[in-house]
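Student: As input, take entry-v8.cif (mmCIF, C-alpha atoms and all ligand atoms):
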```
data_protein
loop_
_atom_site.label_atom_id
_atom_site.label_comp_id
_atom_site.auth_asym_id
_atom_site.auth_seq_id
_atom_site.Cartn_x
_atom_site.Cartn_y
_atom_site.Cartn_z
CA MET S 1 85.22 101.48 97.81
CA LEU S 2 85.99 98.96 95.06
CA GLU S 3 83.18 98.70 92.52
CA VAL S 4 82.83 95.98 89.90
CA GLU S 5 79.91 96.47 87.53
CA HIS S 6 78.54 94.01 84.99
CA LEU S 7 81.81 92.16 84.52
CA ALA S 8 81.78 89.51 81.79
CA VAL S 9 84.69 87.51 80.41
CA SER S 10 84.88 84.91 77.68
CA TYR S 11 87.76 82.81 76.47
CA HIS S 12 87.16 82.39 72.73
CA ASP S 13 83.57 81.16 72.60
CA VAL S 14 83.33 80.02 76.25
CA ASN S 15 81.65 82.38 78.69
CA ALA S 16 83.67 82.11 81.90
CA VAL S 17 82.08 85.02 83.81
CA GLU S 18 78.65 86.55 83.23
CA ASP S 19 77.39 89.87 84.55
CA VAL S 20 79.12 89.93 87.94
CA SER S 21 78.59 93.08 90.03
CA PHE S 22 79.60 93.86 93.60
CA ALA S 23 81.05 96.65 95.70
CA ILE S 24 83.41 96.35 98.65
CA ALA S 25 84.06 99.05 101.23
CA SER S 26 87.47 99.75 102.78
CA GLY S 27 88.30 97.52 105.72
CA GLN S 28 86.29 94.58 104.39
CA MET S 29 87.60 91.08 103.87
CA VAL S 30 85.56 89.09 101.38
CA ALA S 31 85.77 85.41 100.43
CA VAL S 32 85.04 84.35 96.86
CA ILE S 33 83.72 80.79 96.75
CA GLY S 34 82.34 78.45 94.11
CA PRO S 35 83.21 75.17 92.37
CA ASN S 36 86.25 74.51 90.18
CA GLY S 37 85.92 76.28 86.87
CA ALA S 38 83.36 78.75 88.29
CA GLY S 39 85.39 81.71 87.00
CA LYS S 40 86.78 82.87 90.35
CA SER S 41 90.37 83.29 89.15
CA THR S 42 89.08 84.83 85.95
CA VAL S 43 87.19 87.49 87.94
CA PHE S 44 90.42 88.43 89.72
CA LYS S 45 92.42 88.51 86.48
CA ALA S 46 89.81 90.61 84.70
CA ILE S 47 89.58 93.08 87.59
CA LEU S 48 93.36 93.45 87.39
CA GLY S 49 93.40 93.71 83.60
CA LEU S 50 95.36 90.48 83.15
CA VAL S 51 92.66 89.07 80.87
CA PRO S 52 90.37 91.25 78.76
CA ALA S 53 86.81 91.73 79.97
CA SER S 54 84.13 91.61 77.28
CA SER S 55 82.14 94.09 79.36
CA GLY S 56 82.29 95.75 82.74
CA HIS S 57 83.66 98.64 84.75
CA MET S 58 86.08 98.42 87.64
CA ARG S 59 86.44 101.48 89.83
CA TYR S 60 88.35 102.24 93.00
CA ARG S 61 87.60 105.46 94.86
CA SER S 62 85.28 106.37 91.95
CA ARG S 63 88.11 106.29 89.39
CA SER S 64 89.12 103.63 86.87
CA LEU S 65 90.98 100.89 88.72
CA HIS S 66 93.24 100.17 85.77
CA ARG S 67 94.82 103.60 86.15
CA GLN S 68 95.65 102.84 89.77
CA LEU S 69 97.10 99.35 89.60
CA ARG S 70 99.97 100.41 91.82
CA THR S 71 97.48 100.28 94.70
CA VAL S 72 96.84 96.58 94.03
CA ALA S 73 98.66 93.46 95.24
CA TYR S 74 97.84 90.19 93.51
CA VAL S 75 98.86 86.79 94.83
CA PRO S 76 98.17 84.15 92.16
CA GLN S 77 97.52 80.47 92.76
CA ARG S 78 100.80 78.90 93.85
CA SER S 79 100.55 76.35 91.04
CA GLN S 80 100.60 79.15 88.45
CA VAL S 81 104.04 80.37 89.48
CA ASP S 82 107.38 79.25 88.07
CA TRP S 83 109.14 78.29 91.29
CA ASP S 84 112.31 77.39 89.34
CA PHE S 85 112.88 81.07 88.65
CA PRO S 86 116.29 81.80 90.18
CA VAL S 87 115.58 84.29 92.93
CA THR S 88 116.07 84.26 96.67
CA VAL S 89 113.34 84.89 99.22
CA TRP S 90 114.83 88.35 99.83
CA GLY S 91 114.93 89.11 96.09
CA ALA S 92 111.36 87.95 95.52
CA VAL S 93 110.02 90.25 98.24
CA MET S 94 112.26 93.15 97.16
CA MET S 95 110.60 92.98 93.71
CA ALA S 96 107.45 94.33 95.36
CA ARG S 97 109.36 97.55 95.99
CA THR S 98 110.39 98.05 92.35
CA ARG S 99 107.86 100.78 91.73
CA HIS S 100 109.31 102.72 94.63
CA ARG S 101 112.68 102.89 92.91
CA ASN S 102 113.75 105.06 90.03
CA TRP S 103 114.23 103.89 86.45
CA LEU S 104 117.75 102.62 87.07
CA GLY S 105 116.22 100.16 89.48
CA TRP S 106 119.17 99.83 91.76
CA ILE S 107 119.50 103.44 92.84
CA LYS S 108 117.11 104.09 95.64
CA LYS S 109 114.85 107.09 95.57
CA SER S 110 115.14 109.07 98.72
CA GLY S 111 112.57 108.01 101.27
CA CYS S 112 112.19 104.46 99.96
CA HIS S 113 113.46 102.59 103.02
CA CYS S 114 113.13 99.47 100.87
CA GLU S 115 115.47 97.26 102.88
CA SER S 116 113.78 97.92 106.19
CA ILE S 117 110.30 97.42 104.69
CA VAL S 118 111.35 94.09 103.14
CA LYS S 119 113.01 93.03 106.38
CA SER S 120 110.00 93.77 108.53
CA ALA S 121 107.66 92.02 106.02
CA LEU S 122 109.83 88.89 106.17
CA GLN S 123 109.89 89.04 109.95
CA ARG S 124 106.13 89.59 110.11
CA VAL S 125 105.44 86.30 108.29
CA GLY S 126 108.21 84.42 110.11
CA ILE S 127 110.64 83.69 107.25
CA TRP S 128 113.44 86.18 107.94
CA GLU S 129 115.89 83.31 108.54
CA LEU S 130 115.05 81.89 105.08
CA ARG S 131 115.95 85.12 103.26
CA ASP S 132 118.95 83.69 101.35
CA ARG S 133 117.17 80.52 100.20
CA GLN S 134 116.05 80.01 96.62
CA ILE S 135 112.24 80.17 96.39
CA GLY S 136 112.17 76.74 94.69
CA GLU S 137 113.65 75.11 97.80
CA LEU S 138 110.77 76.12 100.05
CA SER S 139 107.76 74.15 101.29
CA GLY S 140 104.25 75.14 100.17
CA GLY S 141 103.60 77.04 103.38
CA GLN S 142 106.92 78.88 103.15
CA GLN S 143 106.25 79.82 99.52
CA GLN S 144 102.86 81.22 100.47
CA ARG S 145 104.55 83.26 103.21
CA VAL S 146 106.92 84.72 100.60
CA PHE S 147 103.85 85.85 98.64
CA LEU S 148 102.31 87.29 101.75
CA ALA S 149 105.50 89.18 102.64
CA ARG S 150 105.58 90.53 99.12
CA ALA S 151 102.00 91.77 99.38
CA ILE S 152 102.81 93.45 102.71
CA ALA S 153 105.97 95.07 101.32
CA GLN S 154 104.03 96.46 98.38
CA GLU S 155 101.93 98.53 100.79
CA ALA S 156 98.90 98.06 98.52
CA GLU S 157 95.38 99.17 99.39
CA LEU S 158 93.59 96.37 97.53
CA LEU S 159 94.81 92.81 97.97
CA PHE S 160 93.72 89.82 95.89
CA PHE S 161 94.65 86.32 97.09
CA ASP S 162 93.89 83.31 94.89
CA GLU S 163 93.60 80.16 97.02
CA PRO S 164 96.27 81.12 99.58
CA PHE S 165 95.48 78.15 101.83
CA VAL S 166 96.07 75.36 99.32
CA GLY S 167 99.01 73.16 100.35
CA VAL S 168 99.91 75.14 103.44
CA ASP S 169 100.35 73.86 106.99
CA LYS S 170 98.09 74.88 109.90
CA LYS S 171 100.70 77.23 111.34
CA THR S 172 101.01 79.11 108.05
CA GLU S 173 97.21 79.26 107.79
CA ALA S 174 97.11 80.95 111.20
CA VAL S 175 99.86 83.41 110.16
CA ILE S 176 97.93 84.26 106.99
CA PHE S 177 94.67 84.95 108.85
CA ASP S 178 96.59 86.99 111.41
CA VAL S 179 98.14 89.18 108.70
CA PHE S 180 94.76 89.46 106.96
CA ALA S 181 93.21 90.80 110.18
CA GLU S 182 96.02 93.33 110.49
CA LEU S 183 95.58 94.50 106.88
CA LYS S 184 91.84 94.80 107.47
CA SER S 185 92.45 96.97 110.52
CA GLN S 186 94.51 99.24 108.25
CA SER S 187 91.34 99.80 106.16
CA LYS S 188 92.56 97.73 103.23
CA ILE S 189 90.25 95.73 101.00
CA LEU S 190 90.95 91.99 100.82
CA LEU S 191 89.46 89.50 98.38
CA VAL S 192 90.30 85.86 98.98
CA ILE S 193 89.40 82.90 96.78
CA THR S 194 88.99 79.86 99.01
CA HIS S 195 87.73 76.30 98.81
CA ASP S 196 87.32 75.94 102.53
CA LEU S 197 83.61 76.06 103.29
CA GLY S 198 84.09 75.16 106.94
CA SER S 199 84.48 77.27 110.06
CA ASN S 200 87.20 79.42 108.46
CA LEU S 201 84.44 81.26 106.62
CA ASP S 202 83.71 83.01 109.93
CA ASN S 203 86.88 85.04 109.39
CA TYR S 204 85.32 86.96 106.50
CA ASP S 205 82.96 89.93 106.59
CA ARG S 206 81.18 88.74 103.52
CA LEU S 207 81.00 85.90 101.01
CA LEU S 208 80.55 86.02 97.24
CA LEU S 209 79.28 82.70 95.91
CA MET S 210 79.59 82.33 92.16
CA ASN S 211 79.34 79.97 89.26
CA LYS S 212 79.86 82.05 86.13
CA GLU S 213 77.33 84.49 87.56
CA LEU S 214 77.09 85.76 91.09
CA ILE S 215 74.73 83.46 92.98
CA ALA S 216 74.77 85.07 96.42
CA ASP S 217 76.45 87.97 98.21
CA GLY S 218 76.22 88.54 101.94
CA ASP S 219 77.12 87.11 105.33
CA ARG S 220 77.63 83.43 105.93
CA ASP S 221 74.06 82.65 106.97
CA THR S 222 72.65 84.44 103.93
CA VAL S 223 74.99 82.81 101.44
CA ILE S 224 75.48 79.25 102.73
CA THR S 225 71.96 77.93 102.28
CA SER S 226 71.24 74.55 100.74
CA GLN S 227 69.47 76.25 97.86
CA ASN S 228 72.43 78.50 97.02
CA ILE S 229 74.95 75.70 97.44
CA LYS S 230 72.93 73.47 95.15
CA ARG S 231 72.68 76.22 92.57
CA ALA S 232 76.44 76.74 92.64
CA TYR S 233 77.73 73.19 93.03
CA GLY S 234 74.89 71.07 91.64
CA ASP S 235 73.98 67.67 93.06
CA SER S 236 77.61 66.70 93.59
CA VAL S 237 77.53 68.55 96.86
CA ILE S 238 75.12 66.39 98.86
CA LEU S 239 77.94 65.05 101.05
CA MET S 240 79.33 68.49 101.69
CA GLN S 241 75.92 69.83 102.65
CA LYS S 242 75.84 67.28 105.45
CA GLU S 243 79.05 68.78 106.78
CA LEU S 244 77.58 72.25 106.68
CA THR S 245 74.42 71.48 108.60
N1 LIG V 301 93.41 80.96 79.62
C1 LIG V 301 92.24 80.31 79.42
N2 LIG V 301 91.85 79.95 78.18
C2 LIG V 301 90.67 79.32 77.97
N3 LIG V 301 89.81 78.98 78.96
C3 LIG V 301 90.15 79.31 80.22
C4 LIG V 301 91.39 79.99 80.52
N4 LIG V 301 91.44 80.18 81.86
C5 LIG V 301 90.31 79.64 82.37
N5 LIG V 301 89.53 79.12 81.40
C6 LIG V 301 88.20 78.49 81.57
O1 LIG V 301 87.35 79.46 82.16
C7 LIG V 301 86.54 78.87 83.17
C8 LIG V 301 86.81 79.55 84.50
O2 LIG V 301 88.13 79.25 84.94
P1 LIG V 301 88.74 79.82 86.28
O3 LIG V 301 88.53 81.28 86.33
O4 LIG V 301 90.14 79.34 86.38
O5 LIG V 301 87.82 79.14 87.40
P2 LIG V 301 88.09 78.92 88.96
O6 LIG V 301 89.21 79.81 89.37
O7 LIG V 301 86.78 79.26 89.61
O8 LIG V 301 88.41 77.45 89.13
C9 LIG V 301 86.86 77.38 83.16
O9 LIG V 301 85.93 76.75 82.34
C10 LIG V 301 88.25 77.33 82.55
O10 LIG V 301 88.45 76.10 81.89
MG MG V 302 91.03 79.34 90.19
#
```
Take the structure I supplied and represent it as structure tokens, if you would.
Ligand SMILES: Nc1ncnc2c1ncn2[C@@H]1O[C@H](COP(=O)(O)OP(=O)(O)O)[C@@H](O)[C@H]1O
Ligand SMILES: [Mg+2]

Tutor:
Amino acid sequence: MLEVEHLAVSYHDVNAVEDVSFAIASGQMVAVIGPNGAGKSTVFKAILGLVPASSGHMRYRSRSLHRQLRTVAYVPQRSQVDWDFPVTVWGAVMMARTRHRNWLGWIKKSGCHCESIVKSALQRVGIWELRDRQIGELSGGQQQRVFLARAIAQEAELLFFDEPFVGVDKKTEAVIFDVFAELKSQSKILLVITHDLGSNLDNYDRLLLMNKELIADGDRDTVITSQNIKRAYGDSVILMQKELT
């Protein structure tokens, strides 16, 4: 169980997140939705300790999450990554295994099996043949698959994906949902920020709708009501509501 209690975050004098609480059981895949600037990415970053929370507790298995960050994989928005960083696909995924190596980095601890784990992660997402390419030479979908392979190779228990479907092709989208289902069946916890309010929402066990504060938490029918959508998105969403009904 991942528990987030009374999380609040402000950047200088701007409140980005106010009093957000939720709990997620193992084996659940949860979508986090809400308009641009709603604080979705900030919630992820604060849970992971990447930005300071002004209040709140994050616990995993009843213990402080920040003492167990090795159990967490975080895939940031693709636009937040420096794709000019000189590393190959293989190297980028191997980085996920760093914590399984000793302090010299390049001497493997016994029992690591790093190469075979990285290889099977690359094969799982269908980019094994791209392993020697620089990450900056890849398409959006291929870059997202590198991230996904990295999250798999990390063997994390909690996985946070920030807008993994932005700028990816349909085939990659299918691969991502396929891997998500597999991770779910391994009792992992997945949180996914998404902008897609269409039929893809059926893939999730639960939705968290937020705009600074948590507006609704539950299954699709509970969360996607015109009242909730209006509260989250304001009047700008009239067109979108038509699509939903
Ligand atoms: N590093 C930062 N410094 C100052 N303000 C920020 C920073 N990051 C985000 N914000 C602000 O916090 C709010 C929430 O941003 P964000 O979490 O990125 O929203 P979302 O991911 O839902 O689009 C926005 O108003 C944004 O402008
Ligand atoms: Mg964001």

Student: Name the closest residue to ligand LIG 301 (chain V) among the candidates S:Lys188, S:Lys45, S:Lys170, S:Arg131; distances are taken between atoms, counting all atoms listed in the file.

Tutor: S:Lys45

Student: Quick one: residues within 9 Å of (90.7, 88.6, 105.2) (file frame), counting all atoms listed in the file, please, as a list in words.

Tutor: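 Returned residue set, sorted by chain then number, is Gln28, Met29, Val30, Ala31, Ile176, Phe177, Asp178, Val179, Phe180, Ala181, Glu182, Leu183, Lys184, Ile189, Leu190, Leu191, Val192, Asn203, Tyr204 and Asp205 of chain S.
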
Student: List every protein, DNA or RNA residue with an atom no more than 10 Å from (75.0, 81.8, 107.5) in the file's coordinates, counting all atoms listed in the file, and format the result as an MDAnalysis selection string.

Tutor: chainID S and resid 201:202 207 218:225 244

Student: I'd like the contact shell of Arg70 (chain S) - 12 Å cut-off, only C-alpha atoms, skipping same-chain residues fewer than 4 positions apart - returned as a PyMOL selection string.

Tutor: chain S and resi 48+60+65-66+74+96-100+151+154-159

Student: Kindly provide, as a list in words, all nucleotide and amino acid residues lying within 9 Å of ligand MG 302 (chain V), counting only C-alpha atoms and all ligand atoms.

Tutor: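 With only C-alpha atoms and all ligand atoms and a cut-off of 9 Å, ligand MG 302 (chain V) is contacted by Asn36, Gly37, Ala38, Gly39, Lys40, Ser41, Thr42, Pro76, Gln77, Asp162, Glu163 and Ile193 of chain S.
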
Student: N, CA and C atoms are what I want for region 195-230 of chain S; can you complete it accordingly and write them as an mmCIF file, in the coordinates of the input?

Tutor:
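To be explicit, this is the file written out as part-v9.cif:
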```cif
data_model
loop_
_atom_site.group_PDB
_atom_site.id
_atom_site.type_symbol
_atom_site.label_atom_id
_atom_site.label_comp_id
_atom_site.auth_asym_id
_atom_site.auth_seq_id
_atom_site.Cartn_x
_atom_site.Cartn_y
_atom_site.Cartn_z
ATOM 1 N N HIS S 195 88.541 77.506 98.982
ATOM 2 C CA HIS S 195 87.730 76.300 98.810
ATOM 3 C C HIS S 195 87.208 75.795 100.139
ATOM 4 N N ASP S 196 87.678 76.419 101.213
ATOM 5 C CA ASP S 196 87.320 75.940 102.530
ATOM 6 C C ASP S 196 85.952 76.476 102.926
ATOM 7 N N LEU S 197 84.954 75.615 102.943
ATOM 8 C CA LEU S 197 83.610 76.060 103.290
ATOM 9 C C LEU S 197 83.278 75.770 104.757
ATOM 10 N N GLY S 198 84.296 75.487 105.537
ATOM 11 C CA GLY S 198 84.090 75.160 106.940
ATOM 12 C C GLY S 198 84.119 76.398 107.824
ATOM 13 N N SER S 199 84.570 76.204 109.057
ATOM 14 C CA SER S 199 84.480 77.270 110.060
ATOM 15 C C SER S 199 85.345 78.479 109.708
ATOM 16 N N ASN S 200 86.353 78.287 108.843
ATOM 17 C CA ASN S 200 87.200 79.420 108.460
ATOM 18 C C ASN S 200 86.408 80.545 107.793
ATOM 19 N N LEU S 201 85.246 80.220 107.274
ATOM 20 C CA LEU S 201 84.440 81.260 106.620
ATOM 21 C C LEU S 201 84.026 82.346 107.611
ATOM 22 N N ASP S 202 84.060 82.013 108.919
ATOM 23 C CA ASP S 202 83.710 83.010 109.930
ATOM 24 C C ASP S 202 84.701 84.182 109.971
ATOM 25 N N ASN S 203 85.872 83.973 109.384
ATOM 26 C CA ASN S 203 86.880 85.040 109.390
ATOM 27 C C ASN S 203 86.546 86.188 108.432
ATOM 28 N N TYR S 204 85.585 85.960 107.540
ATOM 29 C CA TYR S 204 85.320 86.960 106.500
ATOM 30 C C TYR S 204 84.111 87.820 106.866
ATOM 31 N N ASP S 205 84.108 89.050 106.386
ATOM 32 C CA ASP S 205 82.960 89.930 106.590
ATOM 33 C C ASP S 205 81.816 89.537 105.677
ATOM 34 N N ARG S 206 82.176 88.952 104.555
ATOM 35 C CA ARG S 206 81.180 88.740 103.520
ATOM 36 C C ARG S 206 81.635 87.626 102.592
ATOM 37 N N LEU S 207 80.682 86.950 101.976
ATOM 38 C CA LEU S 207 81.000 85.900 101.010
ATOM 39 C C LEU S 207 80.376 86.241 99.664
ATOM 40 N N LEU S 208 81.108 85.962 98.597
ATOM 41 C CA LEU S 208 80.550 86.020 97.240
ATOM 42 C C LEU S 208 80.562 84.591 96.714
ATOM 43 N N LEU S 209 79.383 84.055 96.450
ATOM 44 C CA LEU S 209 79.280 82.700 95.910
ATOM 45 C C LEU S 209 78.986 82.820 94.425
ATOM 46 N N MET S 210 79.815 82.185 93.601
ATOM 47 C CA MET S 210 79.590 82.330 92.160
ATOM 48 C C MET S 210 79.753 81.030 91.400
ATOM 49 N N ASN S 211 79.074 80.976 90.280
ATOM 50 C CA ASN S 211 79.340 79.970 89.260
ATOM 51 C C ASN S 211 78.980 80.632 87.930
ATOM 52 N N LYS S 212 79.993 81.178 87.314
ATOM 53 C CA LYS S 212 79.860 82.050 86.130
ATOM 54 C C LYS S 212 79.210 83.365 86.503
ATOM 55 N N GLU S 213 77.986 83.274 87.075
ATOM 56 C CA GLU S 213 77.330 84.490 87.560
ATOM 57 C C GLU S 213 77.406 84.502 89.080
ATOM 58 N N LEU S 214 77.110 85.649 89.643
ATOM 59 C CA LEU S 214 77.090 85.760 91.090
ATOM 60 C C LEU S 214 75.798 85.148 91.596
ATOM 61 N N ILE S 215 75.926 84.148 92.487
ATOM 62 C CA ILE S 215 74.730 83.460 92.980
ATOM 63 C C ILE S 215 74.246 84.074 94.294
ATOM 64 N N ALA S 216 75.173 84.444 95.152
ATOM 65 C CA ALA S 216 74.770 85.070 96.420
ATOM 66 C C ALA S 216 75.893 85.948 96.942
ATOM 67 N N ASP S 217 75.509 86.982 97.686
ATOM 68 C CA ASP S 217 76.450 87.970 98.210
ATOM 69 C C ASP S 217 75.924 88.396 99.576
ATOM 70 N N GLY S 218 76.687 88.134 100.618
ATOM 71 C CA GLY S 218 76.220 88.540 101.940
ATOM 72 C C GLY S 218 76.989 87.829 103.037
ATOM 73 N N ASP S 219 76.421 87.795 104.241
ATOM 74 C CA ASP S 219 77.120 87.110 105.330
ATOM 75 C C ASP S 219 76.931 85.598 105.200
ATOM 76 N N ARG S 220 77.584 84.885 106.074
ATOM 77 C CA ARG S 220 77.630 83.430 105.930
ATOM 78 C C ARG S 220 76.236 82.802 105.936
ATOM 79 N N ASP S 221 75.399 83.248 106.861
ATOM 80 C CA ASP S 221 74.060 82.650 106.970
ATOM 81 C C ASP S 221 73.205 82.933 105.744
ATOM 82 N N THR S 222 73.424 84.087 105.130
ATOM 83 C CA THR S 222 72.650 84.440 103.930
ATOM 84 C C THR S 222 73.114 83.622 102.733
ATOM 85 N N VAL S 223 74.426 83.405 102.646
ATOM 86 C CA VAL S 223 74.990 82.810 101.440
ATOM 87 C C VAL S 223 74.981 81.278 101.491
ATOM 88 N N ILE S 224 75.360 80.713 102.643
ATOM 89 C CA ILE S 224 75.480 79.250 102.730
ATOM 90 C C ILE S 224 74.122 78.648 103.082
ATOM 91 N N THR S 225 73.249 78.620 102.113
ATOM 92 C CA THR S 225 71.960 77.930 102.280
ATOM 93 C C THR S 225 71.978 76.743 101.319
ATOM 94 N N SER S 226 71.179 75.725 101.610
ATOM 95 C CA SER S 226 71.240 74.550 100.740
ATOM 96 C C SER S 226 70.818 74.906 99.312
ATOM 97 N N GLN S 227 69.903 75.853 99.196
ATOM 98 C CA GLN S 227 69.470 76.250 97.860
ATOM 99 C C GLN S 227 70.608 76.911 97.059
ATOM 100 N N ASN S 228 71.308 77.836 97.707
ATOM 101 C CA ASN S 228 72.430 78.500 97.020
ATOM 102 C C ASN S 228 73.542 77.525 96.688
ATOM 103 N N ILE S 229 73.856 76.644 97.650
ATOM 104 C CA ILE S 229 74.950 75.700 97.440
ATOM 105 C C ILE S 229 74.603 74.761 96.288
ATOM 106 N N LYS S 230 73.349 74.354 96.233
ATOM 107 C CA LYS S 230 72.930 73.470 95.150
ATOM 108 C C LYS S 230 72.991 74.190 93.801
#
```
